[in-house]
>>> print(open('work-v2.pdb').read())   # PDB, C-alpha atoms and all ligand atoms
ATOM      1  CA  MET Z   1      52.366  28.081  13.348
ATOM      2  CA  THR Z   2      52.097  25.166  10.944
ATOM      3  CA  MET Z   3      54.193  23.954   7.998
ATOM      4  CA  GLN Z   4      57.304  25.881   8.940
ATOM      5  CA  PRO Z   5      60.965  25.168   8.361
ATOM      6  CA  PRO Z   6      62.261  23.799  11.694
ATOM      7  CA  GLU Z   7      64.730  26.682  12.089
ATOM      8  CA  LEU Z   8      61.893  29.196  12.013
ATOM      9  CA  ALA Z   9      60.273  27.864  15.189
ATOM     10  CA  ALA Z  10      62.873  29.187  17.639
ATOM     11  CA  PHE Z  11      63.206  32.500  15.824
ATOM     12  CA  ALA Z  12      59.424  32.944  15.742
ATOM     13  CA  GLU Z  13      59.045  32.082  19.416
ATOM     14  CA  HIS Z  14      61.706  34.612  20.385
ATOM     15  CA  CYS Z  15      60.152  37.387  18.262
ATOM     16  CA  ARG Z  16      56.582  36.638  19.277
ATOM     17  CA  HIS Z  17      57.570  36.810  22.921
ATOM     18  CA  ARG Z  18      59.298  40.168  22.355
ATOM     19  CA  VAL Z  19      56.415  41.752  20.458
ATOM     20  CA  GLU Z  20      53.824  40.407  22.885
ATOM     21  CA  THR Z  21      55.760  41.916  25.807
ATOM     22  CA  ALA Z  22      56.204  45.212  23.973
ATOM     23  CA  LEU Z  23      52.538  45.484  22.979
ATOM     24  CA  GLU Z  24      51.413  44.613  26.495
ATOM     25  CA  GLN Z  25      53.571  47.456  27.765
ATOM     26  CA  PHE Z  26      52.761  50.000  25.027
ATOM     27  CA  LEU Z  27      48.976  49.632  25.047
ATOM     28  CA  PRO Z  28      47.130  51.553  27.762
ATOM     29  CA  ALA Z  29      46.285  49.369  30.794
ATOM     30  CA  PRO Z  30      42.727  47.990  30.906
ATOM     31  CA  ALA Z  31      41.985  50.084  34.000
ATOM     32  CA  THR Z  32      42.986  53.354  32.276
ATOM     33  CA  LEU Z  33      40.025  55.567  31.379
ATOM     34  CA  PRO Z  34      38.123  55.133  29.124
ATOM     35  CA  GLN Z  35      38.298  51.540  30.265
ATOM     36  CA  ASP Z  36      35.967  49.987  27.688
ATOM     37  CA  LEU Z  37      37.924  51.558  24.822
ATOM     38  CA  HIS Z  38      41.272  50.377  26.155
ATOM     39  CA  GLN Z  39      39.881  46.911  26.807
ATOM     40  CA  ALA Z  40      38.632  46.752  23.214
ATOM     41  CA  MET Z  41      42.034  47.843  21.898
ATOM     42  CA  ARG Z  42      43.813  45.204  23.951
ATOM     43  CA  TYR Z  43      41.276  42.556  22.923
ATOM     44  CA  ALA Z  44      41.953  43.314  19.257
ATOM     45  CA  VAL Z  45      45.739  43.222  19.538
ATOM     46  CA  LEU Z  46      46.934  40.973  22.349
ATOM     47  CA  ASP Z  47      47.119  37.224  22.423
ATOM     48  CA  GLY Z  48      46.193  36.468  18.845
ATOM     49  CA  GLY Z  49      47.273  36.167  15.262
ATOM     50  CA  LYS Z  50      50.346  34.722  13.645
ATOM     51  CA  ARG Z  51      52.321  37.976  14.032
ATOM     52  CA  VAL Z  52      53.675  37.628  10.498
ATOM     53  CA  ARG Z  53      54.329  41.358  10.120
ATOM     54  CA  PRO Z  54      56.270  41.667  13.400
ATOM     55  CA  LEU Z  55      58.284  38.568  12.437
ATOM     56  CA  LEU Z  56      59.196  40.296   9.188
ATOM     57  CA  VAL Z  57      60.269  43.427  11.059
ATOM     58  CA  TYR Z  58      62.603  41.373  13.270
ATOM     59  CA  ALA Z  59      63.888  39.287  10.363
ATOM     60  CA  ALA Z  60      64.746  42.353   8.254
ATOM     61  CA  GLY Z  61      66.346  43.938  11.306
ATOM     62  CA  GLN Z  62      68.433  40.840  11.967
ATOM     63  CA  ALA Z  63      69.662  40.838   8.355
ATOM     64  CA  LEU Z  64      71.125  44.297   9.018
ATOM     65  CA  ASP Z  65      72.101  43.896  12.668
ATOM     66  CA  ALA Z  66      69.507  46.333  14.020
ATOM     67  CA  ASP Z  67      68.941  47.042  17.700
ATOM     68  CA  GLU Z  68      66.133  44.818  19.085
ATOM     69  CA  GLN Z  69      64.657  47.603  21.202
ATOM     70  CA  ALA Z  70      64.043  49.626  18.037
ATOM     71  CA  LEU Z  71      62.601  46.548  16.338
ATOM     72  CA  ASP Z  72      60.148  46.062  19.244
ATOM     73  CA  VAL Z  73      58.732  49.522  18.537
ATOM     74  CA  ALA Z  74      58.508  49.059  14.757
ATOM     75  CA  ALA Z  75      56.991  45.583  15.165
ATOM     76  CA  SER Z  76      54.383  46.886  17.620
ATOM     77  CA  ALA Z  77      53.505  49.819  15.364
ATOM     78  CA  VAL Z  78      52.905  47.652  12.312
ATOM     79  CA  GLU Z  79      50.863  45.146  14.334
ATOM     80  CA  CYS Z  80      48.669  47.969  15.707
ATOM     81  CA  ILE Z  81      47.909  49.072  12.127
ATOM     82  CA  HIS Z  82      47.203  45.474  11.114
ATOM     83  CA  ALA Z  83      44.914  44.865  14.118
ATOM     84  CA  TYR Z  84      43.004  48.095  13.410
ATOM     85  CA  SER Z  85      42.498  47.024   9.787
ATOM     86  CA  LEU Z  86      41.098  43.667  10.895
ATOM     87  CA  VAL Z  87      38.706  45.292  13.389
ATOM     88  CA  HIS Z  88      37.359  47.657  10.730
ATOM     89  CA  ASP Z  89      37.316  44.999   8.007
ATOM     90  CA  ASP Z  90      35.119  42.785  10.222
ATOM     91  CA  LEU Z  91      32.492  45.502  10.838
ATOM     92  CA  PRO Z  92      28.937  45.078   9.519
ATOM     93  CA  ALA Z  93      29.575  47.875   6.978
ATOM     94  CA  MET Z  94      32.456  45.866   5.525
ATOM     95  CA  ASP Z  95      32.740  42.080   5.775
ATOM     96  CA  ASN Z  96      30.374  41.618   8.748
ATOM     97  CA  ASP Z  97      32.365  38.773  10.278
ATOM     98  CA  ASP Z  98      31.729  37.113  13.646
ATOM     99  CA  LEU Z  99      35.010  35.277  14.108
ATOM    100  CA  ARG Z 100      38.565  36.593  14.084
ATOM    101  CA  ARG Z 101      41.705  35.021  15.527
ATOM    102  CA  GLY Z 102      39.566  32.210  16.910
ATOM    103  CA  LYS Z 103      37.358  34.476  19.012
ATOM    104  CA  PRO Z 104      34.356  36.786  18.487
ATOM    105  CA  THR Z 105      35.242  39.839  16.395
ATOM    106  CA  CYS Z 106      35.809  43.093  18.272
ATOM    107  CA  HIS Z 107      32.385  44.526  17.387
ATOM    108  CA  ARG Z 108      30.717  41.275  18.505
ATOM    109  CA  ALA Z 109      32.478  41.499  21.865
ATOM    110  CA  PHE Z 110      32.309  45.285  22.452
ATOM    111  CA  GLY Z 111      29.648  46.678  20.103
ATOM    112  CA  GLU Z 112      30.050  48.393  16.775
ATOM    113  CA  ALA Z 113      30.704  51.952  17.930
ATOM    114  CA  LEU Z 114      33.449  50.958  20.343
ATOM    115  CA  ALA Z 115      35.061  48.701  17.730
ATOM    116  CA  ILE Z 116      35.258  51.656  15.318
ATOM    117  CA  LEU Z 117      36.879  53.775  18.025
ATOM    118  CA  ALA Z 118      39.285  51.000  19.045
ATOM    119  CA  GLY Z 119      40.426  50.722  15.416
ATOM    120  CA  ASP Z 120      40.853  54.498  15.165
ATOM    121  CA  ALA Z 121      42.853  54.646  18.391
ATOM    122  CA  LEU Z 122      45.074  51.709  17.384
ATOM    123  CA  GLN Z 123      45.977  53.515  14.207
ATOM    124  CA  CYS Z 124      46.986  56.608  16.201
ATOM    125  CA  LYS Z 125      48.917  54.412  18.640
ATOM    126  CA  ALA Z 126      51.078  53.077  15.807
ATOM    127  CA  PHE Z 127      52.228  56.532  14.764
ATOM    128  CA  HIS Z 128      52.652  57.680  18.340
ATOM    129  CA  LEU Z 129      54.974  54.724  18.993
ATOM    130  CA  LEU Z 130      57.185  55.513  16.007
ATOM    131  CA  ALA Z 131      57.338  59.185  17.004
ATOM    132  CA  HIS Z 132      57.866  58.727  20.708
ATOM    133  CA  ALA Z 133      58.872  55.290  22.057
ATOM    134  CA  PRO Z 134      62.567  54.706  22.879
ATOM    135  CA  MET Z 135      64.346  53.267  19.823
ATOM    136  CA  GLY Z 136      67.987  53.083  20.884
ATOM    137  CA  ALA Z 137      70.314  54.484  18.237
ATOM    138  CA  VAL Z 138      67.586  55.261  15.681
ATOM    139  CA  ASP Z 139      67.823  58.991  14.964
ATOM    140  CA  ALA Z 140      65.058  61.528  14.317
ATOM    141  CA  GLU Z 141      65.588  61.427  10.548
ATOM    142  CA  ALA Z 142      65.094  57.655  10.428
ATOM    143  CA  ARG Z 143      61.960  57.990  12.579
ATOM    144  CA  VAL Z 144      60.481  60.495  10.115
ATOM    145  CA  GLU Z 145      61.270  58.090   7.252
ATOM    146  CA  MET Z 146      59.469  55.333   9.159
ATOM    147  CA  LEU Z 147      56.462  57.524   9.909
ATOM    148  CA  GLU Z 148      56.156  58.481   6.244
ATOM    149  CA  LEU Z 149      56.619  54.894   5.117
ATOM    150  CA  LEU Z 150      53.925  53.539   7.425
ATOM    151  CA  ALA Z 151      51.514  56.400   6.695
ATOM    152  CA  LEU Z 152      51.814  55.789   2.942
ATOM    153  CA  ALA Z 153      51.514  52.023   3.299
ATOM    154  CA  ALA Z 154      48.404  52.267   5.480
ATOM    155  CA  GLY Z 155      46.614  55.053   3.610
ATOM    156  CA  SER Z 156      44.640  55.637   0.429
ATOM    157  CA  ARG Z 157      47.586  54.702  -1.821
ATOM    158  CA  GLY Z 158      48.210  51.577   0.238
ATOM    159  CA  MET Z 159      46.078  49.339   2.453
ATOM    160  CA  VAL Z 160      42.959  51.528   2.715
ATOM    161  CA  GLY Z 161      43.049  52.152  -1.035
ATOM    162  CA  GLY Z 162      43.323  48.405  -1.582
ATOM    163  CA  GLN Z 163      40.296  47.879   0.634
ATOM    164  CA  ALA Z 164      38.342  50.379  -1.494
ATOM    165  CA  LEU Z 165      39.353  48.457  -4.639
ATOM    166  CA  ASP Z 166      38.290  45.234  -2.924
ATOM    167  CA  MET Z 167      34.858  46.648  -2.089
ATOM    168  CA  ALA Z 168      34.388  47.864  -5.657
ATOM    169  CA  ALA Z 169      35.352  44.407  -6.991
ATOM    170  CA  VAL Z 170      32.626  42.407  -5.231
ATOM    171  CA  GLY Z 171      30.560  40.556  -7.811
ATOM    172  CA  ARG Z 172      32.674  41.909 -10.699
ATOM    173  CA  GLU Z 173      34.984  39.936 -12.931
ATOM    174  CA  LEU Z 174      38.573  41.098 -12.520
ATOM    175  CA  ASP Z 175      41.473  40.081 -14.690
ATOM    176  CA  ILE Z 176      44.706  38.932 -13.076
ATOM    177  CA  ALA Z 177      46.331  42.393 -13.375
ATOM    178  CA  GLU Z 178      43.401  44.042 -11.564
ATOM    179  CA  LEU Z 179      43.373  41.338  -8.883
ATOM    180  CA  GLU Z 180      47.103  41.750  -8.281
ATOM    181  CA  ASP Z 181      46.822  45.528  -8.168
ATOM    182  CA  MET Z 182      44.138  45.219  -5.487
ATOM    183  CA  HIS Z 183      46.212  42.827  -3.381
ATOM    184  CA  ILE Z 184      49.478  44.718  -3.795
ATOM    185  CA  HIS Z 185      47.689  47.581  -2.058
ATOM    186  CA  LYS Z 186      45.351  45.832   0.386
ATOM    187  CA  THR Z 187      47.735  43.226   1.798
ATOM    188  CA  GLY Z 188      51.108  43.810   0.164
ATOM    189  CA  ALA Z 189      51.637  47.420   1.210
ATOM    190  CA  LEU Z 190      51.688  46.690   4.956
ATOM    191  CA  ILE Z 191      53.842  43.589   4.547
ATOM    192  CA  ARG Z 192      56.292  45.635   2.508
ATOM    193  CA  ALA Z 193      56.236  48.334   5.199
ATOM    194  CA  ALA Z 194      57.029  45.712   7.875
ATOM    195  CA  VAL Z 195      60.218  44.665   6.066
ATOM    196  CA  LEU Z 196      61.294  48.241   5.365
ATOM    197  CA  LEU Z 197      60.584  49.392   8.929
ATOM    198  CA  GLY Z 198      62.864  46.611  10.177
ATOM    199  CA  ALA Z 199      65.518  47.768   7.735
ATOM    200  CA  TRP Z 200      65.228  51.402   8.835
ATOM    201  CA  CYS Z 201      65.971  50.317  12.426
ATOM    202  CA  ALA Z 202      69.507  49.385  11.330
ATOM    203  CA  PRO Z 203      72.217  51.987  11.919
ATOM    204  CA  THR Z 204      73.557  51.577   8.389
ATOM    205  CA  LEU Z 205      71.259  50.842   5.519
ATOM    206  CA  ALA Z 206      72.883  50.906   2.088
ATOM    207  CA  HIS Z 207      70.835  51.836  -0.970
ATOM    208  CA  ASP Z 208      71.301  48.431  -2.673
ATOM    209  CA  GLN Z 209      70.301  46.604   0.514
ATOM    210  CA  ARG Z 210      67.122  48.641   0.717
ATOM    211  CA  ARG Z 211      66.312  47.885  -2.928
ATOM    212  CA  ALA Z 212      66.911  44.166  -2.434
ATOM    213  CA  LEU Z 213      64.710  44.069   0.671
ATOM    214  CA  ASP Z 214      62.042  46.097  -1.073
ATOM    215  CA  HIS Z 215      61.930  43.592  -3.921
ATOM    216  CA  TYR Z 216      61.817  40.697  -1.451
ATOM    217  CA  ALA Z 217      58.962  42.427   0.429
ATOM    218  CA  LYS Z 218      56.889  43.012  -2.697
ATOM    219  CA  CYS Z 219      57.188  39.348  -3.689
ATOM    220  CA  ILE Z 220      56.235  37.930  -0.310
ATOM    221  CA  GLY Z 221      53.447  40.506   0.143
ATOM    222  CA  LEU Z 222      51.737  39.174  -2.942
ATOM    223  CA  ALA Z 223      52.609  35.559  -2.137
ATOM    224  CA  PHE Z 224      50.909  36.007   1.248
ATOM    225  CA  GLN Z 225      47.674  36.962  -0.465
ATOM    226  CA  VAL Z 226      47.866  34.166  -3.050
ATOM    227  CA  GLN Z 227      48.191  31.672  -0.177
ATOM    228  CA  ASP Z 228      45.370  33.432   1.702
ATOM    229  CA  ASP Z 229      43.109  32.881  -1.312
ATOM    230  CA  ILE Z 230      44.198  29.235  -1.558
ATOM    231  CA  LEU Z 231      43.403  28.740   2.145
ATOM    232  CA  ASP Z 232      40.001  30.338   1.647
ATOM    233  CA  VAL Z 233      39.287  27.393  -0.668
ATOM    234  CA  ILE Z 234      41.086  24.505   1.050
ATOM    235  CA  GLY Z 235      41.412  25.662   4.692
ATOM    236  CA  ASP Z 236      39.058  24.964   7.565
ATOM    237  CA  THR Z 237      37.443  27.517   9.832
ATOM    238  CA  GLN Z 238      38.883  26.157  13.067
ATOM    239  CA  ALA Z 239      42.501  26.157  11.869
ATOM    240  CA  LEU Z 240      42.146  29.573  10.221
ATOM    241  CA  GLY Z 241      40.426  31.193  13.213
ATOM    242  CA  LYS Z 242      38.166  32.979  10.705
ATOM    243  CA  ARG Z 243      35.428  31.748   8.401
ATOM    244  CA  ALA Z 244      36.811  29.629   5.542
ATOM    245  CA  GLY Z 245      35.158  30.155   2.155
ATOM    246  CA  ALA Z 246      34.168  33.701   3.126
ATOM    247  CA  ASP Z 247      35.621  35.315  -0.002
ATOM    248  CA  ARG Z 248      33.764  32.971  -2.300
ATOM    249  CA  ALA Z 249      30.539  33.380  -0.339
ATOM    250  CA  ARG Z 250      30.833  37.150  -0.843
ATOM    251  CA  ARG Z 251      31.589  36.679  -4.543
ATOM    252  CA  LYS Z 252      35.026  38.239  -4.151
ATOM    253  CA  PRO Z 253      37.453  37.380  -6.965
ATOM    254  CA  THR Z 254      40.355  35.137  -5.873
ATOM    255  CA  TYR Z 255      43.524  33.662  -7.391
ATOM    256  CA  PRO Z 256      42.094  30.121  -7.559
ATOM    257  CA  ASP Z 257      39.111  31.558  -9.502
ATOM    258  CA  LEU Z 258      41.391  33.095 -12.093
ATOM    259  CA  LEU Z 259      44.296  30.638 -12.196
ATOM    260  CA  GLY Z 260      42.796  27.426 -10.818
ATOM    261  CA  LEU Z 261      44.137  25.892  -7.595
ATOM    262  CA  ALA Z 262      47.258  24.473  -9.266
ATOM    263  CA  GLY Z 263      47.926  27.763 -11.072
ATOM    264  CA  ALA Z 264      47.571  29.713  -7.821
ATOM    265  CA  ARG Z 265      50.036  27.352  -6.107
ATOM    266  CA  GLU Z 266      52.462  27.827  -8.982
ATOM    267  CA  ARG Z 267      52.156  31.612  -8.698
ATOM    268  CA  ALA Z 268      52.883  31.443  -4.956
ATOM    269  CA  GLN Z 269      55.980  29.301  -5.584
ATOM    270  CA  GLU Z 270      57.205  31.630  -8.312
ATOM    271  CA  LEU Z 271      56.896  34.619  -5.963
ATOM    272  CA  HIS Z 272      58.711  32.680  -3.221
ATOM    273  CA  GLN Z 273      61.609  31.909  -5.594
ATOM    274  CA  ARG Z 274      61.789  35.534  -6.669
ATOM    275  CA  ALA Z 275      61.861  36.611  -3.023
ATOM    276  CA  LEU Z 276      64.769  34.230  -2.339
ATOM    277  CA  HIS Z 277      66.592  35.505  -5.409
ATOM    278  CA  SER Z 278      66.393  39.097  -4.112
ATOM    279  CA  LEU Z 279      68.297  38.027  -0.989
ATOM    280  CA  GLU Z 280      71.285  36.637  -2.860
ATOM    281  CA  GLY Z 281      73.516  39.510  -1.750
ATOM    282  CA  PHE Z 282      72.927  38.597   1.909
ATOM    283  CA  GLY Z 283      74.508  35.792   3.920
ATOM    284  CA  ALA Z 284      73.151  33.663   6.756
ATOM    285  CA  GLU Z 285      72.044  36.777   8.640
ATOM    286  CA  ALA Z 286      69.081  36.938   6.222
ATOM    287  CA  ASP Z 287      68.026  33.322   6.806
ATOM    288  CA  PRO Z 288      64.975  34.290   8.881
ATOM    289  CA  LEU Z 289      63.719  36.265   5.866
ATOM    290  CA  ARG Z 290      64.213  33.139   3.718
ATOM    291  CA  TRP Z 291      62.382  30.931   6.249
ATOM    292  CA  LEU Z 292      59.512  33.410   6.421
ATOM    293  CA  SER Z 293      59.131  33.465   2.658
ATOM    294  CA  HIS Z 294      58.883  29.682   2.716
ATOM    295  CA  TYR Z 295      56.424  29.761   5.607
ATOM    296  CA  ILE Z 296      54.193  32.299   3.846
ATOM    297  CA  VAL Z 297      53.598  30.013   0.853
ATOM    298  CA  ALA Z 298      53.467  26.765   2.862
ATOM    299  CA  ARG Z 299      51.299  27.844   5.786
ATOM    300  CA  SER Z 300      47.984  26.152   6.466
ATOM    301  CA  ALA Z 301      46.553  28.873   8.737
TER
HETATM  302  C1  LIG B 401      39.362  48.142   6.764
HETATM  303  C2  LIG B 401      41.118  49.927   6.665
HETATM  304  C3  LIG B 401      40.719  48.578   6.365
HETATM  305  C4  LIG B 401      41.574  47.766   5.739
HETATM  306  C5  LIG B 401      41.327  46.379   5.567
HETATM  307  C6  LIG B 401      43.992  44.056   5.658
HETATM  308  C7  LIG B 401      42.612  44.381   5.292
HETATM  309  C8  LIG B 401      42.361  45.701   4.741
HETATM  310  C9  LIG B 401      41.599  43.542   5.544
HETATM  311  C10 LIG B 401      41.777  42.242   6.170
HETATM  312  C11 LIG B 401      40.913  41.259   5.474
HETATM  313  C12 LIG B 401      41.670  40.161   4.885
HETATM  314  C13 LIG B 401      41.200  38.811   5.262
HETATM  315  C14 LIG B 401      42.669  40.382   4.054
HETATM  316  C15 LIG B 401      43.404  39.303   3.401
HETATM  317  C16 LIG B 401      44.793  39.017   3.914
HETATM  318  C17 LIG B 401      44.954  39.338   5.313
HETATM  319  C18 LIG B 401      45.475  40.674   5.599
HETATM  320  C19 LIG B 401      44.649  38.422   6.241
HETATM  321  C20 LIG B 401      44.802  38.617   7.680
HETATM  322  O1  LIG B 401      46.149  38.668   8.040
HETATM  323  P1  LIG B 401      46.843  37.495   8.868
HETATM  324  O2  LIG B 401      46.522  36.179   8.243
HETATM  325  O3  LIG B 401      46.051  37.610  10.241
HETATM  326  O4  LIG B 401      48.276  37.839   9.047
HETATM  327  P2  LIG B 401      46.540  37.319  11.735
HETATM  328  O5  LIG B 401      45.251  37.220  12.508
HETATM  329  O6  LIG B 401      47.323  36.036  11.760
HETATM  330  O7  LIG B 401      47.352  38.505  12.152
END
>>> encode(input="work-v2.pdb", output="structure tokens", more="lines below")
Ligand code: GRG
Amino acid sequence: MTMQPPELAAFAEHCRHRVETALEQFLPAPATLPQDLHQAMRYAVLDGGKRVRPLLVYAAGQALDADEQALDVAASAVECIHAYSLVHDDLPAMDNDDLRRGKPTCHRAFGEALAILAGDALQCKAFHLLAHAPMGAVDAEARVEMLELLALAAGSRGMVGGQALDMAAVGRELDIAELEDMHIHKTGALIRAAVLLGAWCAPTLAHDQRRALDHYAKCIGLAFQVQDDILDVIGDTQALGKRAGADRARRKPTYPDLLGLAGARERAQELHQRALHSLEGFGAEADPLRWLSHYIVARSA
């Protein structure tokens, strides 16, 4: 990870190790039948990506003193949804990309049909984990809340709906409100879900804490996308692990198009400050959330 506050490095290493171990254990072994499907699922999820959503799960959980075993499950579930969305987004019917996380996209490595199935099965895996995997003191009611939260965030009123808006926007001129609406759904909904899933893992979650975290999550969800658009303009393919300039090449509207590069940077900073402001009721236990907000707007990959 680049451009991060120094304190974030140790926290991120700890969380990445935990989620990597959990995912390795939760995903079916490569030798389990059907082997090619399970290999494609593992290829799409393991050993790649910044793991921003799992980091947010752990950071929200730490702010509320949640059990790490429960956080492992929530972090793995949200990463399975994210990985599925990337596999499907890269397909020829969508963005038709060859490179993802610094390696050939899933359909390039395993063929289109298997990539579709791997994405489908990863989505099911996420919900199965939240329903079934051991989560310490998290009770059945909290699990149902988490299942509903993730289902809404991933579905037609969340990420998938945002993807549909994105497809409809290609080659069209959007205004800033339409662009933000698209990103709030496509990218923001799952980032928001990551924070709230971490919060639901805590044994006690007060209403005002949930509202504060929800506001934080909405701000950083949008900030993530503003920075993604900035990196599409100024980033390089090797550092990003995906093709830089792809959005522009596909005539997709971006923040720098509408606000200029300086305006987009200002918007990202404003969202970062608003995210920090939402955490004012928390003490040092919420520092990882603060570091992550900073990282999201300062990252170069
Ligand atoms: C196809 C169902 C479906 C949904 C697609 C999330 C999404 C919706 C598409 C991904 C395409 C994309 C580039 C979106 C912009 C922001 C984003 C989600 C980037 C990828 O997330 P990172 O940067 O990726 O966290 P890593 O690889 O680090 O996990």
>>> resolve_selection(input="work-v2.pdb", expression="the PyMOL selection byres (((not hetatm)) within 8 of (chain B and resi 401))", output="ChimeraX atom specification")
/Z:48-53,79,82-90,94,100-101,154,159-160,162-163,186-187,224-225,228-229,241,301
>>> closest_atom_pairs(input="work-v2.pdb", of="region 183-218 of chain Z", to="region 64-76 of chain Z", cutoff="10 Å", atoms="only C-alpha atoms", output="Markdown table")
| residue | atom | partner | partner_atom | distance |
| --- | --- | --- | --- | --- |
| Z:Ala193 | CA | Z:Ala74 | CA | 9.9 |
| Z:Ala194 | CA | Z:Ala75 | CA | 7.3 |
| Z:Val195 | CA | Z:Ala75 | CA | 9.7 |
| Z:Leu196 | CA | Z:Ala74 | CA | 9.8 |
| Z:Leu197 | CA | Z:Ala74 | CA | 6.2 |
| Z:Gly198 | CA | Z:Leu71 | CA | 6.2 |
| Z:Ala199 | CA | Z:Leu64 | CA | 6.7 |
| Z:Trp200 | CA | Z:Ala66 | CA | 8.4 |
| Z:Cys201 | CA | Z:Ala66 | CA | 5.6 |
| Z:Ala202 | CA | Z:Ala66 | CA | 4.1 |
| Z:Pro203 | CA | Z:Ala66 | CA | 6.6 |
| Z:Thr204 | CA | Z:Leu64 | CA | 7.7 |
| Z:Leu205 | CA | Z:Leu64 | CA | 7.4 |
| Z:Ala206 | CA | Z:Leu64 | CA | 9.7 |
| Z:Gln209 | CA | Z:Leu64 | CA | 8.8 |
>>> resolve_selection(input="work-v2.pdb", expression="the PyMOL selection byres (((chain Z and resi 39) around 12) and not hetatm)", output="list in words")
Glu24, Leu27, Pro28, Ala29, Pro30, Ala31, Thr32, Leu33, Pro34, Gln35, Asp36, Leu37, His38, Ala40, Met41, Arg42, Tyr43, Ala44, Val45, Leu46, Cys106, Ala109, Phe110, Leu114, Ala115, Leu117, Ala118, Ala121 and Leu122 of chain Z
>>> atom_distance(input="work-v2.pdb", atom1="CA of Leu261 (chain Z)", atom2="CA of Gln227 (chain Z)")
10.2 Å
>>> atom_distance(input="work-v2.pdb", atom1="CA of Val138 (chain Z)", atom2="CA of His207 (chain Z)")
17.3 Å
>>> closest_residue(input="work-v2.pdb", among="Z:Arg299, Z:Leu190, Z:His215, Z:Asn96", to="Glu280 (chain Z)", atoms="only C-alpha atoms")
Z:His215
>>> residues_around(input="work-v2.pdb", residues="Glu285 (chain Z)", least_positions_apart="2", cutoff="12 Å", atoms="only C-alpha atoms", output="VMD selection string")
chain Z and resid 58 to 66 279 to 283 287 to 291
>>> write_last_selection(input="work-v2.pdb", atoms="C-alpha atoms", output="compact mmCIF listing (two decimals), in the coordinates of the input")
# COMPACT_ATOMS: atom_id res chain seq x y z
CA TYR Z 58 62.60 41.37 13.27
CA ALA Z 59 63.89 39.29 10.36
CA ALA Z 60 64.75 42.35 8.25
CA GLY Z 61 66.35 43.94 11.31
CA GLN Z 62 68.43 40.84 11.97
CA ALA Z 63 69.66 40.84 8.36
CA LEU Z 64 71.12 44.30 9.02
CA ASP Z 65 72.10 43.90 12.67
CA ALA Z 66 69.51 46.33 14.02
CA LEU Z 279 68.30 38.03 -0.99
CA GLU Z 280 71.28 36.64 -2.86
CA GLY Z 281 73.52 39.51 -1.75
CA PHE Z 282 72.93 38.60 1.91
CA GLY Z 283 74.51 35.79 3.92
CA ASP Z 287 68.03 33.32 6.81
CA PRO Z 288 64.97 34.29 8.88
CA LEU Z 289 63.72 36.26 5.87
CA ARG Z 290 64.21 33.14 3.72
CA TRP Z 291 62.38 30.93 6.25
>>> atom_distance(input="work-v2.pdb", atom1="CA of Cys80 (chain Z)", atom2="CA of Pro6 (chain Z)")
28.0 Å
>>> closest_residue(input="work-v2.pdb", among="Z:Leu91, Z:Ile116, Z:Leu292, Z:Ala77", to="His132 (chain Z)", atoms="all atoms listed in the file")
Z:Ala77
>>> residues_near_point(input="work-v2.pdb", point="(66.4, 41.1, -2.9)", cutoff="7 Å", atoms="only C-alpha atoms", output="list in words")
Arg211, Ala212, Leu213, Asp214, His215, Tyr216, Ala275, His277, Ser278, Leu279 and Glu280 of chain Z
>>> axis_aligned_box(input="work-v2.pdb", around="region 169-185 of chain Z", padding_each_side="3 Å", output="JSON")
{"center_x": 40.0, "center_y": 43.3, "center_z": -8.4, "size_x": 24.9, "size_y": 14.6, "size_z": 18.6}
>>> closest_residue(input="work-v2.pdb", among="Z:Gly263, Z:Pro54, Z:Gly171, Z:Gly155", to="Cys15 (chain Z)", atoms="only C-alpha atoms")
Z:Pro54
